[in-house]
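Dumped entry21.pdb below, it's PDB, C-alpha atoms:
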```
ATOM      1  CA  MET A1378     -21.340  12.269 -13.473
ATOM      2  CA  GLU A1379     -19.910  15.455 -11.946
ATOM      3  CA  GLU A1380     -16.215  15.600 -11.067
ATOM      4  CA  ARG A1381     -16.836  15.675  -7.318
ATOM      5  CA  HIS A1382     -19.056  12.598  -7.554
ATOM      6  CA  LEU A1383     -16.403  10.809  -9.597
ATOM      7  CA  ILE A1384     -13.826  11.507  -6.895
ATOM      8  CA  VAL A1385     -16.164  10.382  -4.100
ATOM      9  CA  THR A1386     -17.156   7.189  -5.926
ATOM     10  CA  TYR A1387     -13.935   6.218  -7.706
ATOM     11  CA  ARG A1388     -11.310   8.374  -5.903
ATOM     12  CA  PHE A1389     -10.118   9.998  -9.138
ATOM     13  CA  ASP A1390     -11.162  12.762 -11.485
ATOM     14  CA  ARG A1391     -12.287  12.143 -15.046
ATOM     15  CA  ALA A1392      -8.869  12.770 -16.627
ATOM     16  CA  THR A1393      -7.081  10.343 -14.310
ATOM     17  CA  ILE A1394      -9.715   7.649 -14.815
ATOM     18  CA  GLN A1395      -9.357   8.047 -18.568
ATOM     19  CA  GLU A1396      -5.580   7.777 -18.239
ATOM     20  CA  LEU A1397      -5.954   4.526 -16.298
ATOM     21  CA  CYS A1398      -8.439   3.104 -18.796
ATOM     22  CA  THR A1399      -6.122   3.925 -21.698
ATOM     23  CA  GLN A1400      -3.156   2.347 -19.930
ATOM     24  CA  LEU A1401      -4.992  -0.877 -19.086
ATOM     25  CA  GLU A1402      -7.127  -1.182 -22.219
ATOM     26  CA  PRO A1403      -4.717  -3.395 -24.237
ATOM     27  CA  ASP A1404      -4.928  -6.121 -21.588
ATOM     28  CA  LEU A1405      -8.626  -5.681 -20.920
ATOM     29  CA  MET A1406      -9.544  -5.788 -24.630
ATOM     30  CA  SER A1407      -7.729  -9.066 -25.348
ATOM     31  CA  PRO A1408     -10.212 -11.721 -26.577
ATOM     32  CA  ILE A1409      -8.488 -14.258 -24.323
ATOM     33  CA  ARG A1410      -8.777 -12.046 -21.242
ATOM     34  CA  HIS A1411     -12.009 -10.313 -22.249
ATOM     35  CA  PRO A1412     -14.566 -13.065 -22.849
ATOM     36  CA  THR A1413     -17.484 -11.358 -21.117
ATOM     37  CA  GLY A1414     -18.088  -8.467 -23.493
ATOM     38  CA  ILE A1415     -17.724  -5.921 -20.684
ATOM     39  CA  PRO A1416     -16.081  -2.706 -21.977
ATOM     40  CA  PRO A1417     -12.666  -1.904 -20.467
ATOM     41  CA  ASP A1418     -13.871   1.334 -18.901
ATOM     42  CA  VAL A1419     -16.690  -0.494 -17.088
ATOM     43  CA  GLN A1420     -14.198  -3.077 -15.835
ATOM     44  CA  VAL A1421     -11.876  -0.369 -14.503
ATOM     45  CA  LEU A1422     -14.681   1.645 -12.917
ATOM     46  CA  SER A1423     -16.219  -1.380 -11.214
ATOM     47  CA  VAL A1424     -12.868  -2.339  -9.674
ATOM     48  CA  LEU A1425     -12.105   1.238  -8.614
ATOM     49  CA  HIS A1426     -15.483   1.436  -6.910
ATOM     50  CA  PHE A1427     -14.934  -1.877  -5.141
ATOM     51  CA  LEU A1428     -11.505  -0.780  -3.891
ATOM     52  CA  ALA A1429     -12.876   2.588  -2.776
ATOM     53  CA  SER A1430     -16.001   1.276  -1.046
ATOM     54  CA  GLY A1431     -15.149  -2.280  -0.072
ATOM     55  CA  SER A1432     -18.715  -3.155  -1.033
ATOM     56  CA  PHE A1433     -18.982  -6.072  -3.460
ATOM     57  CA  GLN A1434     -22.748  -5.905  -3.887
ATOM     58  CA  THR A1435     -22.793  -2.165  -4.513
ATOM     59  CA  THR A1436     -20.001  -2.477  -7.060
ATOM     60  CA  VAL A1437     -21.835  -5.131  -9.038
ATOM     61  CA  ALA A1438     -25.081  -3.139  -8.950
ATOM     62  CA  MET A1439     -23.353  -0.020 -10.277
ATOM     63  CA  ALA A1440     -21.528  -1.795 -13.096
ATOM     64  CA  SER A1441     -23.945  -1.822 -16.003
ATOM     65  CA  GLY A1442     -24.287  -5.159 -17.731
ATOM     66  CA  MET A1443     -22.301  -7.121 -15.153
ATOM     67  CA  SER A1444     -23.833 -10.045 -13.318
ATOM     68  CA  GLN A1445     -22.623 -10.890  -9.835
ATOM     69  CA  PRO A1446     -20.645 -14.012 -10.882
ATOM     70  CA  MET A1447     -18.711 -11.925 -13.423
ATOM     71  CA  PHE A1448     -17.124  -9.551 -10.922
ATOM     72  CA  PRO A1449     -14.405 -11.850  -9.506
ATOM     73  CA  ASN A1450     -13.114 -12.465 -13.033
ATOM     74  CA  VAL A1451     -13.196  -8.756 -13.820
ATOM     75  CA  LEU A1452     -11.355  -8.000 -10.576
ATOM     76  CA  SER A1453      -8.641 -10.537 -11.432
ATOM     77  CA  ARG A1454      -8.285  -9.154 -14.942
ATOM     78  CA  VAL A1455      -7.983  -5.521 -13.858
ATOM     79  CA  LEU A1456      -5.586  -6.320 -11.007
ATOM     80  CA  SER A1457      -3.333  -8.314 -13.329
ATOM     81  CA  ALA A1458      -3.309  -5.505 -15.880
ATOM     82  CA  LEU A1459      -2.587  -2.873 -13.236
ATOM     83  CA  LEU A1460       0.191  -4.817 -11.498
ATOM     84  CA  LYS A1461       2.151  -4.963 -14.751
ATOM     85  CA  HIS A1462       2.833  -1.263 -14.125
ATOM     86  CA  VAL A1463       3.869  -1.523 -10.467
ATOM     87  CA  ARG A1464       7.403  -0.224 -11.125
ATOM     88  CA  ARG A1465       5.901   2.913 -12.611
ATOM     89  CA  TYR A1466       3.806   3.697  -9.543
ATOM     90  CA  ILE A1467       5.875   2.445  -6.580
ATOM     91  CA  ILE A1468       9.471   3.661  -6.761
ATOM     92  CA  PHE A1469      12.125   3.495  -4.050
ATOM     93  CA  PRO A1470      14.325   6.610  -3.953
ATOM     94  CA  GLU A1471      17.166   6.631  -6.475
ATOM     95  CA  VAL A1472      20.526   8.274  -5.833
ATOM     96  CA  GLU A1473      19.469  11.405  -7.705
ATOM     97  CA  ASP A1474      16.400  11.723  -5.444
ATOM     98  CA  LEU A1475      18.201  11.461  -2.108
ATOM     99  CA  ALA A1476      18.842  15.153  -1.476
ATOM    100  CA  THR A1477      15.183  16.085  -1.964
ATOM    101  CA  VAL A1478      13.884  13.128   0.044
ATOM    102  CA  LYS A1479      16.278  13.840   2.928
ATOM    103  CA  GLY A1480      15.273  17.497   2.959
ATOM    104  CA  ASP A1481      11.583  16.644   3.116
ATOM    105  CA  PHE A1482      12.126  14.290   6.058
ATOM    106  CA  TYR A1483      14.350  16.770   7.876
ATOM    107  CA  ALA A1484      11.474  19.247   7.787
ATOM    108  CA  LEU A1485       9.301  16.765   9.714
ATOM    109  CA  GLY A1486      11.503  16.119  12.729
ATOM    110  CA  HIS A1487      14.974  17.573  12.149
ATOM    111  CA  ILE A1488      16.664  14.173  11.818
ATOM    112  CA  PRO A1489      19.162  14.311   8.941
ATOM    113  CA  ASN A1490      19.708  11.767   6.153
ATOM    114  CA  ILE A1491      16.362   9.944   6.436
ATOM    115  CA  ILE A1492      14.877   8.552   3.210
ATOM    116  CA  GLY A1493      11.908   6.587   4.517
ATOM    117  CA  ALA A1494       9.773   5.507   7.455
ATOM    118  CA  THR A1495       8.767   1.849   7.693
ATOM    119  CA  ASP A1496       6.156  -0.050   9.673
ATOM    120  CA  GLY A1497       3.558  -2.773   9.300
ATOM    121  CA  THR A1498      -0.214  -2.570   9.076
ATOM    122  CA  HIS A1499      -2.823  -5.326   9.076
ATOM    123  CA  VAL A1500      -5.441  -5.924   6.387
ATOM    124  CA  ALA A1501      -8.236  -8.290   7.418
ATOM    125  CA  LEU A1502      -9.083 -11.352   5.351
ATOM    126  CA  VAL A1503     -11.044 -14.567   5.705
ATOM    127  CA  PRO A1504      -8.203 -17.074   6.204
ATOM    128  CA  PRO A1505      -7.742 -20.349   4.332
ATOM    129  CA  HIS A1506      -9.403 -23.042   6.419
ATOM    130  CA  ARG A1507      -6.388 -25.350   6.592
ATOM    131  CA  SER A1508      -3.925 -22.679   7.711
ATOM    132  CA  GLU A1509      -6.064 -20.116   9.486
ATOM    133  CA  GLN A1510      -3.831 -19.883  12.571
ATOM    134  CA  VAL A1511      -0.954 -18.617  10.430
ATOM    135  CA  TYR A1512      -3.103 -15.575   9.612
ATOM    136  CA  ARG A1513      -4.150 -14.939  13.204
ATOM    137  CA  ASN A1514      -2.902 -11.686  14.724
ATOM    138  CA  ARG A1515      -3.744 -10.473  18.214
ATOM    139  CA  LYS A1516      -7.274  -9.464  17.222
ATOM    140  CA  SER A1517      -8.349 -11.244  14.041
ATOM    141  CA  TYR A1518      -7.078 -12.760  10.789
ATOM    142  CA  SER A1519      -5.024 -10.658   8.433
ATOM    143  CA  MET A1520      -2.108 -10.061   6.131
ATOM    144  CA  ASN A1521       0.712  -8.119   7.808
ATOM    145  CA  VAL A1522       1.758  -5.504   5.263
ATOM    146  CA  GLN A1523       5.152  -3.806   5.427
ATOM    147  CA  MET A1524       5.406  -0.390   3.823
ATOM    148  CA  VAL A1525       7.974   2.362   3.475
ATOM    149  CA  CYS A1526       6.748   5.897   2.872
ATOM    150  CA  LEU A1527       8.269   9.260   2.074
ATOM    151  CA  ALA A1528       7.598  12.525   3.885
ATOM    152  CA  ASP A1529       4.711  13.353   1.525
ATOM    153  CA  GLN A1530       2.991   9.978   2.228
ATOM    154  CA  TYR A1531       4.133   8.481  -1.078
ATOM    155  CA  ILE A1532       4.491   4.698  -0.692
ATOM    156  CA  SER A1533       7.985   3.787  -1.897
ATOM    157  CA  HIS A1534       7.864   0.091  -0.998
ATOM    158  CA  VAL A1535       5.183  -2.455  -0.116
ATOM    159  CA  ASN A1536       5.459  -6.113   0.885
ATOM    160  CA  ALA A1537       2.057  -7.765   1.283
ATOM    161  CA  MET A1538       3.059 -11.442   1.153
ATOM    162  CA  PHE A1539       3.152 -12.328   4.852
ATOM    163  CA  PRO A1540       0.288 -13.539   7.072
ATOM    164  CA  GLY A1541      -0.831 -11.719  10.188
ATOM    165  CA  SER A1542       1.034 -13.892  12.688
ATOM    166  CA  VAL A1543       4.438 -12.908  11.285
ATOM    167  CA  HIS A1544       6.396 -10.235  13.169
ATOM    168  CA  ASP A1545       7.308  -6.937  11.506
ATOM    169  CA  ALA A1546      11.045  -7.505  12.038
ATOM    170  CA  TYR A1547      10.926 -10.874  10.262
ATOM    171  CA  ILE A1548       9.099  -9.357   7.299
ATOM    172  CA  LEU A1549      11.656  -6.565   7.009
ATOM    173  CA  ARG A1550      14.571  -8.993   7.225
ATOM    174  CA  ASN A1551      13.073 -11.141   4.449
ATOM    175  CA  SER A1552      12.138  -8.271   2.140
ATOM    176  CA  SER A1553      14.158  -6.520  -0.551
ATOM    177  CA  ILE A1554      14.744  -3.522   1.748
ATOM    178  CA  PRO A1555      18.069  -4.737   3.233
ATOM    179  CA  ASP A1556      19.562  -5.120  -0.251
ATOM    180  CA  MET A1557      18.221  -1.780  -1.468
ATOM    181  CA  MET A1558      19.508   0.044   1.596
ATOM    182  CA  GLY A1559      22.818  -1.795   1.348
ATOM    183  CA  HIS A1560      23.339  -0.334  -2.114
ATOM    184  CA  LEU A1561      22.763   3.162  -0.690
ATOM    185  CA  GLN A1562      24.939   2.880   2.420
ATOM    186  CA  ARG A1563      27.844   4.807   0.944
ATOM    187  CA  HIS A1564      25.463   7.770   0.794
ATOM    188  CA  ARG A1565      24.948   7.546   4.585
ATOM    189  CA  VAL A1566      21.160   7.400   4.546
ATOM    190  CA  TRP A1567      18.745   5.664   6.914
ATOM    191  CA  LEU A1568      15.204   4.475   7.336
ATOM    192  CA  LEU A1569      13.255   5.025  10.538
ATOM    193  CA  GLY A1570      11.442   2.180  12.288
ATOM    194  CA  ASP A1571       9.664   1.763  15.604
ATOM    195  CA  SER A1572      10.876  -0.199  18.626
ATOM    196  CA  GLY A1573       9.597  -3.454  17.142
ATOM    197  CA  TYR A1574      12.562  -3.452  14.770
ATOM    198  CA  PRO A1575      16.249  -4.025  15.554
ATOM    199  CA  ASN A1576      18.633  -1.098  15.284
ATOM    200  CA  LEU A1577      20.597  -1.728  12.067
ATOM    201  CA  SER A1578      23.307   0.070  10.133
ATOM    202  CA  TRP A1579      20.605   1.504   7.859
ATOM    203  CA  LEU A1580      17.614   1.540  10.266
ATOM    204  CA  LEU A1581      17.224   3.953  13.189
ATOM    205  CA  THR A1582      14.881   2.992  16.025
ATOM    206  CA  PRO A1583      14.044   4.775  19.300
ATOM    207  CA  VAL A1584      16.478   4.627  22.207
ATOM    208  CA  ARG A1585      15.186   2.184  24.797
ATOM    209  CA  ASN A1586      15.117   3.640  28.309
ATOM    210  CA  PRO A1587      16.667   7.022  27.419
ATOM    211  CA  ARG A1588      18.935   8.329  30.159
ATOM    212  CA  THR A1589      20.008  11.708  28.851
ATOM    213  CA  ARG A1590      18.170  14.752  27.568
ATOM    214  CA  ALA A1591      19.858  14.227  24.192
ATOM    215  CA  GLU A1592      18.397  10.721  23.949
ATOM    216  CA  GLU A1593      14.988  12.056  24.930
ATOM    217  CA  ARG A1594      15.192  14.755  22.248
ATOM    218  CA  TYR A1595      16.186  12.139  19.686
ATOM    219  CA  ASN A1596      13.196   9.976  20.628
ATOM    220  CA  GLU A1597      10.886  12.983  20.378
ATOM    221  CA  ALA A1598      12.229  13.838  16.923
ATOM    222  CA  HIS A1599      12.017  10.184  15.918
ATOM    223  CA  GLY A1600       8.385  10.031  17.029
ATOM    224  CA  ARG A1601       7.454  13.225  15.162
ATOM    225  CA  THR A1602       8.995  11.882  11.982
ATOM    226  CA  MET A1603       7.548   8.372  12.304
ATOM    227  CA  ARG A1604       4.004   9.733  12.465
ATOM    228  CA  VAL A1605       4.120  10.070   8.696
ATOM    229  CA  ILE A1606       3.848   6.301   8.208
ATOM    230  CA  GLU A1607       0.754   6.157  10.427
ATOM    231  CA  ARG A1608      -0.760   9.043   8.474
ATOM    232  CA  THR A1609       0.039   7.167   5.279
ATOM    233  CA  PHE A1610      -1.720   4.032   6.514
ATOM    234  CA  GLY A1611      -4.687   6.143   7.584
ATOM    235  CA  LEU A1612      -4.957   7.929   4.251
ATOM    236  CA  LEU A1613      -4.541   4.703   2.262
ATOM    237  CA  LYS A1614      -7.293   2.915   4.186
ATOM    238  CA  ALA A1615      -9.598   5.929   4.163
ATOM    239  CA  ARG A1616      -9.221   6.241   0.411
ATOM    240  CA  PHE A1617      -9.583   2.508  -0.262
ATOM    241  CA  ARG A1618     -12.099   1.189   2.250
ATOM    242  CA  CYS A1619     -11.623  -2.405   1.145
ATOM    243  CA  LEU A1620      -8.426  -2.306   3.260
ATOM    244  CA  HIS A1621     -10.092  -0.798   6.329
ATOM    245  CA  MET A1622     -11.636  -2.845   9.127
ATOM    246  CA  THR A1623     -14.974  -1.126   8.546
ATOM    247  CA  GLY A1624     -15.043  -2.652   5.071
ATOM    248  CA  GLY A1625     -15.024  -6.107   6.644
ATOM    249  CA  SER A1626     -12.659  -8.970   5.869
ATOM    250  CA  LEU A1627     -11.655  -9.591   2.273
ATOM    251  CA  PHE A1628     -13.217 -12.822   0.973
ATOM    252  CA  TYR A1629     -10.354 -13.677  -1.344
ATOM    253  CA  SER A1630      -7.293 -15.909  -1.315
ATOM    254  CA  PRO A1631      -4.145 -14.519   0.331
ATOM    255  CA  LYS A1632      -2.581 -14.159  -3.122
ATOM    256  CA  LYS A1633      -5.521 -12.081  -4.350
ATOM    257  CA  VAL A1634      -5.519  -9.988  -1.156
ATOM    258  CA  CYS A1635      -1.819  -9.300  -1.743
ATOM    259  CA  GLN A1636      -2.652  -8.106  -5.267
ATOM    260  CA  ILE A1637      -5.440  -5.881  -3.944
ATOM    261  CA  ILE A1638      -3.103  -4.285  -1.383
ATOM    262  CA  ILE A1639      -0.407  -3.580  -3.963
ATOM    263  CA  ALA A1640      -2.967  -2.189  -6.412
ATOM    264  CA  CYS A1641      -4.363   0.131  -3.733
ATOM    265  CA  SER A1642      -0.823   1.288  -2.918
ATOM    266  CA  MET A1643      -0.199   2.092  -6.574
ATOM    267  CA  LEU A1644      -3.465   3.993  -6.846
ATOM    268  CA  HIS A1645      -2.753   5.798  -3.567
ATOM    269  CA  ASN A1646       0.432   7.192  -5.114
ATOM    270  CA  LEU A1647      -1.434   8.141  -8.276
ATOM    271  CA  ALA A1648      -3.970  10.069  -6.176
ATOM    272  CA  LEU A1649      -1.373  12.166  -4.326
TER     273      LEU A1649
END
```

Is it possible to express this structure as structure tokens?
Amino acid sequence: MEERHLIVTYRFDRATIQELCTQLEPDLMSPIRHPTGIPPDVQVLSVLHFLASGSFQTTVAMASGMSQPMFPNVLSRVLSALLKHVRRYIIFPEVEDLATVKGDFYALGHIPNIIGATDGTHVALVPPHRSEQVYRNRKSYSMNVQMVCLADQYISHVNAMFPGSVHDAYILRNSSIPDMMGHLQRHRVWLLGDSGYPNLSWLLTPVRNPRTRAEERYNEAHGRTMRVIERTFGLLKARFRCLHMTGGSLFYSPKKVCQIIIACSMLHNLAL
């Protein structure tokens, strides 16, 4: 297959796909985890195609030697192998990174000392029957996914554990972000969040009902900078259509949907 077709179908070039296969092969070759006889590269490619297209039937048809009932097991195996490497692919800024990260954000909106933009996005799923209302958002059923991104659309944090009915502010408060930002407070750095979040010592939100030109300018700069998180969501879901509404709702358990979201976030960073 030509390079451009590889990128369209799997979202990565040949060298990157080979790197992924090599990294995951020890787990995918295990006799305990590899009872189907499907080669590791076919397992990886079938999962990449599913994540990229959101199409279960097409994925199974393209994966040589794989029957339809095999794919859920292959998906679980590849996700488990990939998530072992999450700390390699999703990294919150360290102290030594702060100067560069702040400079990149300043270039977006001229707000100093920003190291991330945070917001939530919904990923549709078919909810568990006994608790479907917990997953109900204003439009459908979903997981509410909190992310933090950098100025270059790198995802530095993802929390995909909460159902769609849960408010963004609650998710943030119950994530690891407060602790991580607390450790960095002596460096006088902040995250940006929209008006759905409270204004915190480490989180800057827009001024409600601005009364001065200075407050208006701040809100304008805040808005320009915050657009990066929306662009990140857009790029992530365009690259991995299984997360986009046009791909339909994910027919997996909330735990598996969480794994899919984190895996897509890891692969998004790899693709940058």

Ranking A:Thr1399, A:Gln1562, A:Asn1586, A:Ser1533 by minimum distance to Tyr1466 of chain A and counting all atoms listed in the file, which one comes first?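 Looking at the shortest contact to Tyr1466 of chain A, the residue is A:Ser1533.
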
Just want the 8 Å neighbourhood of segment 1447-1451 of chain A, counted on only C-alpha atoms, with same-chain residues fewer than 2 positions away dropped. Output as a list in words.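 Within the cut-off, the hits are Thr1413, Gln1420, Val1424, Val1437, Met1443, Ser1444, Gln1445, Ser1453, Arg1454 and Val1455 of chain A.
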
If you keep C-alpha atoms, can you produce a file of those selected residues as an mmCIF file, in the coordinates of the input?
```cif
data_model
loop_
_atom_site.group_PDB
_atom_site.id
_atom_site.type_symbol
_atom_site.label_atom_id
_atom_site.label_comp_id
_atom_site.auth_asym_id
_atom_site.auth_seq_id
_atom_site.Cartn_x
_atom_site.Cartn_y
_atom_site.Cartn_z
ATOM 1 C CA THR A 1413 -17.484 -11.358 -21.117
ATOM 2 C CA GLN A 1420 -14.198 -3.077 -15.835
ATOM 3 C CA VAL A 1424 -12.868 -2.339 -9.674
ATOM 4 C CA VAL A 1437 -21.835 -5.131 -9.038
ATOM 5 C CA MET A 1443 -22.301 -7.121 -15.153
ATOM 6 C CA SER A 1444 -23.833 -10.045 -13.318
ATOM 7 C CA GLN A 1445 -22.623 -10.890 -9.835
ATOM 8 C CA SER A 1453 -8.641 -10.537 -11.432
ATOM 9 C CA ARG A 1454 -8.285 -9.154 -14.942
ATOM 10 C CA VAL A 1455 -7.983 -5.521 -13.858
#
```

At a cut-off of 12 Å from (-4.0, -7.9, 20.6) in the coordinates of the file, what residues are picked up using only C-alpha atoms, written as a compact mmCIF listing (two decimals) with C-alpha atoms, in the frame of the given file?
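Printed below is point_24.txt as written:
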```txt
# COMPACT_ATOMS: atom_id res chain seq x y z
CA HIS A 1499 -2.82 -5.33 9.08
CA ARG A 1513 -4.15 -14.94 13.20
CA ASN A 1514 -2.90 -11.69 14.72
CA ARG A 1515 -3.74 -10.47 18.21
CA LYS A 1516 -7.27 -9.46 17.22
CA SER A 1517 -8.35 -11.24 14.04
CA TYR A 1518 -7.08 -12.76 10.79
CA GLY A 1541 -0.83 -11.72 10.19
CA SER A 1542 1.03 -13.89 12.69
```

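If all atoms listed in the file are the atoms counted, then among A:His1621, A:Arg1590, A:His1426, A:His1645 the closest residue to Thr1609 of chain A is A:His1645.
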
Residues within 7 Å of Leu1620 of chain A, please, as a list in words. Count only C-alpha atoms; anything in the same chain fewer than 4 positions from it doesn't count. Val1500, Lys1614 and Gly1624 of chain A
